[in-house]
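What follows is the content of query30.cif (mmCIF, C-alpha atoms).
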```
data_my_file
#
loop_
_atom_site.group_PDB
_atom_site.id
_atom_site.type_symbol
_atom_site.label_atom_id
_atom_site.label_comp_id
_atom_site.auth_asym_id
_atom_site.auth_seq_id
_atom_site.Cartn_x
_atom_site.Cartn_y
_atom_site.Cartn_z
ATOM 1 C CA PHE A 15 127.908 -24.742 168.981
ATOM 2 C CA GLY A 16 131.444 -25.707 169.969
ATOM 3 C CA VAL A 17 132.062 -27.076 166.482
ATOM 4 C CA PHE A 18 130.748 -23.816 165.036
ATOM 5 C CA LEU A 19 133.093 -21.686 167.189
ATOM 6 C CA THR A 20 136.028 -23.979 166.438
ATOM 7 C CA SER A 21 135.257 -23.698 162.733
ATOM 8 C CA ILE A 22 135.275 -19.886 162.946
ATOM 9 C CA PHE A 23 138.584 -19.843 164.843
ATOM 10 C CA ARG A 24 140.102 -22.271 162.355
ATOM 11 C CA ARG A 25 138.938 -20.200 159.399
ATOM 12 C CA ILE A 26 140.423 -17.015 160.885
ATOM 13 C CA TRP A 27 143.690 -18.831 161.590
ATOM 14 C CA LEU A 28 143.860 -20.290 158.076
ATOM 15 C CA TYR A 29 143.149 -16.950 156.396
ATOM 16 C CA GLN A 30 145.706 -15.236 158.602
ATOM 17 C CA ASN A 31 148.262 -17.953 157.966
ATOM 18 C CA TYR A 32 147.904 -17.920 154.179
ATOM 19 C CA HIS A 33 146.853 -14.333 153.445
ATOM 20 C CA GLY A 34 148.153 -12.291 156.370
ATOM 21 C CA MET A 35 146.338 -10.438 159.110
ATOM 22 C CA THR A 36 143.767 -7.723 158.513
ATOM 23 C CA LEU A 37 141.796 -5.581 160.927
ATOM 24 C CA VAL A 38 138.623 -7.550 160.241
ATOM 25 C CA ARG A 39 140.354 -10.828 161.079
ATOM 26 C CA ALA A 40 141.932 -9.425 164.236
ATOM 27 C CA TYR A 41 138.789 -7.771 165.612
ATOM 28 C CA GLY A 42 136.639 -10.670 164.442
ATOM 29 C CA GLY A 43 138.909 -13.050 166.352
ATOM 30 C CA PHE A 44 138.482 -10.990 169.522
ATOM 31 C CA PHE A 45 134.719 -11.003 169.004
ATOM 32 C CA VAL A 46 134.607 -14.779 168.563
ATOM 33 C CA LEU A 47 136.774 -15.172 171.667
ATOM 34 C CA ALA A 48 134.277 -13.046 173.623
ATOM 35 C CA ILE A 49 131.415 -15.218 172.364
ATOM 36 C CA ALA A 50 133.336 -18.340 173.432
ATOM 37 C CA LEU A 51 133.911 -16.930 176.924
ATOM 38 C CA PHE A 52 130.242 -15.985 177.280
ATOM 39 C CA THR A 53 129.302 -19.491 176.126
ATOM 40 C CA VAL A 54 131.496 -21.020 178.833
ATOM 41 C CA SER A 55 129.919 -18.829 181.501
ATOM 42 C CA LEU A 56 126.445 -19.696 180.191
ATOM 43 C CA PHE A 57 127.292 -23.382 180.508
ATOM 44 C CA LEU A 58 128.691 -22.842 184.011
ATOM 45 C CA ARG A 59 125.431 -21.141 185.085
ATOM 46 C CA HIS A 60 123.756 -24.521 184.757
ATOM 47 C CA VAL A 61 126.416 -26.265 186.853
ATOM 48 C CA TRP A 62 126.991 -23.781 189.719
ATOM 49 C CA ARG A 63 124.590 -21.242 191.068
ATOM 50 C CA LYS A 64 126.849 -18.195 191.356
ATOM 51 C CA PRO A 65 126.638 -14.573 190.151
ATOM 52 C CA TRP A 66 128.350 -15.204 186.801
ATOM 53 C CA VAL A 67 127.663 -11.676 185.630
ATOM 54 C CA TYR A 68 130.752 -10.510 187.545
ATOM 55 C CA VAL A 69 132.903 -13.123 185.826
ATOM 56 C CA GLU A 70 131.478 -12.121 182.450
ATOM 57 C CA MET A 71 132.175 -8.465 183.140
ATOM 58 C CA ALA A 72 135.747 -9.335 184.190
ATOM 59 C CA TRP A 73 136.315 -11.380 181.014
ATOM 60 C CA LEU A 74 134.909 -8.604 178.870
ATOM 61 C CA GLY A 75 137.022 -6.031 180.720
ATOM 62 C CA ILE A 76 140.187 -8.097 180.222
ATOM 63 C CA LEU A 77 139.430 -8.578 176.512
ATOM 64 C CA LEU A 78 138.765 -4.865 176.025
ATOM 65 C CA ALA A 79 141.947 -3.971 177.922
ATOM 66 C CA ILE A 80 143.997 -6.327 175.737
ATOM 67 C CA LEU A 81 142.338 -4.995 172.604
ATOM 68 C CA GLY A 82 142.892 -1.404 173.707
ATOM 69 C CA ALA A 83 146.526 -1.968 174.648
ATOM 70 C CA ALA A 84 147.422 -3.953 171.551
ATOM 71 C CA ASN A 85 148.496 -1.976 168.511
ATOM 72 C CA VAL A 86 146.824 -4.215 165.952
ATOM 73 C CA GLU A 87 147.780 -2.096 162.952
ATOM 74 C CA ASN A 88 151.460 -2.082 163.921
ATOM 75 C CA TYR A 89 151.305 -5.879 164.296
ATOM 76 C CA ILE A 90 149.744 -6.154 160.846
ATOM 77 C CA ALA A 91 152.377 -3.891 159.276
ATOM 78 C CA THR A 92 155.419 -5.477 160.906
ATOM 79 C CA VAL A 93 154.599 -9.118 161.614
ATOM 80 C CA SER A 94 151.824 -10.344 159.336
ATOM 81 C CA PRO A 95 151.013 -8.011 156.433
ATOM 82 C CA PRO A 96 148.115 -9.020 154.188
ATOM 83 C CA THR A 97 148.964 -10.619 150.868
ATOM 84 C CA VAL A 98 147.224 -10.872 147.516
ATOM 85 C CA ASN A 99 148.420 -13.530 145.072
ATOM 86 C CA GLY A 100 151.489 -14.161 147.222
ATOM 87 C CA ARG A 101 152.576 -10.489 147.291
ATOM 88 C CA ILE A 102 152.213 -7.976 150.106
ATOM 89 C CA ASP A 103 149.169 -5.750 149.678
ATOM 90 C CA TYR A 104 150.781 -2.317 149.941
ATOM 91 C CA VAL A 105 147.530 -0.567 149.059
ATOM 92 C CA TYR A 106 145.987 -2.038 152.222
ATOM 93 C CA LEU A 107 149.002 -0.967 154.283
ATOM 94 C CA SER A 108 148.730 2.582 152.927
ATOM 95 C CA ARG A 109 145.067 2.793 153.988
ATOM 96 C CA MET A 110 145.719 2.047 157.649
ATOM 97 C CA SER A 111 145.733 4.715 160.346
ATOM 98 C CA ALA A 112 148.847 6.295 161.823
ATOM 99 C CA ASP A 113 149.075 3.423 164.322
ATOM 100 C CA GLY A 114 150.419 1.347 161.441
ATOM 101 C CA TYR A 115 152.930 3.909 160.197
ATOM 102 C CA GLN A 116 155.486 1.135 159.644
ATOM 103 C CA GLY A 117 153.153 -0.089 156.898
ATOM 104 C CA TRP A 118 153.159 3.413 155.410
ATOM 105 C CA LEU A 119 156.951 3.328 155.248
ATOM 106 C CA LYS A 120 156.938 -0.089 153.582
ATOM 107 C CA ALA A 121 154.249 0.999 151.110
ATOM 108 C CA TYR A 122 156.148 4.165 150.221
ATOM 109 C CA ALA A 123 159.406 2.242 149.703
ATOM 110 C CA TYR A 124 157.592 -0.235 147.442
ATOM 111 C CA ALA A 125 155.954 2.514 145.363
ATOM 112 C CA GLU A 126 159.263 4.353 145.047
ATOM 113 C CA ASP A 127 161.054 1.177 143.905
ATOM 114 C CA VAL A 128 158.384 0.389 141.310
ATOM 115 C CA LEU A 129 158.259 3.898 139.892
ATOM 116 C CA ASN A 130 162.062 4.168 139.711
ATOM 117 C CA LYS A 131 162.704 0.824 138.013
ATOM 118 C CA ASP A 132 162.661 0.295 134.291
ATOM 119 C CA GLY A 133 160.201 -2.202 132.892
ATOM 120 C CA ALA A 134 157.595 -2.056 135.657
ATOM 121 C CA SER A 135 154.299 -3.593 134.636
ATOM 122 C CA THR A 136 151.183 -1.505 134.215
ATOM 123 C CA GLN A 137 149.593 -3.249 137.197
ATOM 124 C CA GLU A 138 152.562 -2.426 139.449
ATOM 125 C CA ILE A 139 152.459 1.211 138.352
ATOM 126 C CA ALA A 140 148.704 1.395 138.979
ATOM 127 C CA TYR A 141 149.069 -0.128 142.470
ATOM 128 C CA SER A 142 151.923 2.254 143.207
ATOM 129 C CA GLY A 143 149.718 5.162 142.164
ATOM 130 C CA MET A 144 146.899 3.994 144.437
ATOM 131 C CA THR A 145 149.380 3.540 147.270
ATOM 132 C CA LEU A 146 150.846 7.019 146.860
ATOM 133 C CA ARG A 147 147.369 8.557 146.591
ATOM 134 C CA GLN A 148 146.355 6.952 149.896
ATOM 135 C CA LEU A 149 149.589 8.012 151.582
ATOM 136 C CA MET A 150 149.112 11.611 150.407
ATOM 137 C CA LYS A 151 145.531 11.547 151.676
ATOM 138 C CA ARG A 152 146.743 10.380 155.104
ATOM 139 C CA TYR A 153 149.492 13.012 155.106
ATOM 140 C CA ASP A 154 146.966 15.736 154.224
ATOM 141 C CA GLU A 155 144.709 14.613 157.068
ATOM 142 C CA LEU A 156 147.564 14.576 159.589
ATOM 143 C CA VAL A 157 148.848 18.024 158.626
ATOM 144 C CA MET A 158 145.371 19.558 158.722
ATOM 145 C CA ARG A 159 144.469 17.920 162.008
ATOM 146 C CA TYR A 160 147.689 18.150 164.009
ATOM 147 C CA GLY A 161 149.848 20.726 162.249
ATOM 148 C CA SER A 162 150.464 24.154 163.699
ATOM 149 C CA ARG A 163 149.028 27.160 161.898
ATOM 150 C CA GLN A 164 152.384 27.893 160.239
ATOM 151 C CA GLU A 165 152.811 24.257 159.156
ATOM 152 C CA LYS A 166 149.363 24.320 157.554
ATOM 153 C CA VAL A 167 150.129 27.588 155.744
ATOM 154 C CA ASP A 168 153.491 26.261 154.496
ATOM 155 C CA TYR A 169 151.925 22.998 153.404
ATOM 156 C CA LEU A 170 149.100 24.695 151.496
ATOM 157 C CA ARG A 171 151.572 27.104 149.887
ATOM 158 C CA ASP A 172 153.667 24.132 148.690
ATOM 159 C CA VAL A 173 150.565 22.390 147.322
ATOM 160 C CA ILE A 174 149.444 25.505 145.446
ATOM 161 C CA THR A 175 152.948 26.064 144.035
ATOM 162 C CA TYR A 176 153.096 22.452 142.851
ATOM 163 C CA LYS A 177 149.647 22.711 141.240
ATOM 164 C CA GLN A 178 150.613 25.945 139.447
ATOM 165 C CA LYS A 179 153.788 24.329 138.080
ATOM 166 C CA TYR A 180 151.782 21.281 136.984
ATOM 167 C CA VAL A 181 149.187 23.434 135.184
ATOM 168 C CA ALA A 182 151.933 25.493 133.476
ATOM 169 C CA LYS A 183 153.737 22.328 132.350
ATOM 170 C CA THR A 184 150.487 20.805 131.083
ATOM 171 C CA GLN A 185 149.674 23.984 129.135
ATOM 172 C CA GLU A 186 153.133 23.950 127.507
ATOM 173 C CA GLU A 187 152.709 20.288 126.521
ATOM 174 C CA PHE A 188 149.239 21.028 125.138
ATOM 175 C CA VAL A 189 150.510 23.957 123.055
ATOM 176 C CA VAL A 190 153.339 21.829 121.647
ATOM 177 C CA THR A 191 150.888 19.053 120.799
ATOM 178 C CA VAL A 192 148.438 21.445 119.112
ATOM 179 C CA ASP A 193 151.213 23.132 117.094
ATOM 180 C CA ARG A 194 152.294 19.794 115.596
#
```
Exercise: express the given structure as structure tokens:
Amino acid sequence: FGVFLTSIFRRIWLYQNYHGMTLVRAYGGFFVLAIALFTVSLFLRHVWRKPWVYVEMAWLGILLAILGAANVENYIATVSPPTVNGRIDYVYLSRMSADGYQGWLKAYAYAEDVLNKDGASTQEIAYSGMTLRQLMKRYDELVMRYGSRQEKVDYLRDVITYKQKYVAKTQEEFVVTVDR
């Protein structure tokens, strides 16, 4: 069982080391640590006759306090962002919650750089589009959940104005295309 737990810890460490941290790796590591602590207390039950349930509750309480106090998403965004093929996965960073807003800023800067440079590959443009779509979704959620009434009204007015301009521009382009 010890070899099994060591293997799991090693696998998490290797993935984190080579591909960056993700929420699954972070929370999975805490879970495996809890299992290891419960295993130690189970072993100690056979050595000393004591009420180990209090020790187990204390360990679990300490782990939950650490997990609750740690801003895992901020750590992921600033210290160990996930990578795919040796490049930072900005789509993943854009999908995180507001706790990892530093990742949002990095993802937005990346998408802006890609869309403003000449000669960007189709893959880069597609990833930038997915990143911006996720960031807009998060922004929509934040405005609707935490915005004041006036902020929501202003935001929806801006969205409607943008959509109307987009539809008008698309209609003009369609008419020009049909006339040719």
### Task
Can you turn the PyMOL selection byres ((chain A and resi 90-107) around 9) into a concrete residue list for this file, as an MDAnalysis selection string?
chainID A and resid 30:37 85:89 108:111 114:118 120:122 124:125 141:142 144:146 148
### Task
Figure out the distance between CA of His60 in chain A and CA of Thr20 in chain A, please, to one decimal in Å.
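Result for CA of Thr20 in chain A versus CA of His60 in chain A: 22.1 Å, one decimal.
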### Task
Let me know the residues the PyMOL selection byres ((chain A and resi 42-54) around 7) catches in the file above, as a PyMOL selection string.
chain A and resi 23+26+38-41+55-58+70+74
### Query
At what distance in Å, to one decimal, does CA of Trp73 in chain A lie from CA of Leu19 in chain A?
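Distance between the two atoms: 17.5 Å.
Counting from CA of Gln178 in chain A, the distance to CA of Ile139 in chain A is 24.8 Å.
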Please determine an axis-aligned box that encloses all atoms of range 91-103 of chain A listed in the file, with 8 Å added on each side, and express its centre and edge lengths in Å to one decimal as JSON.
```
{"center_x": 151.3, "center_y": -9.0, "center_z": 153.3, "size_x": 24.2, "size_y": 26.3, "size_z": 32.5}
```
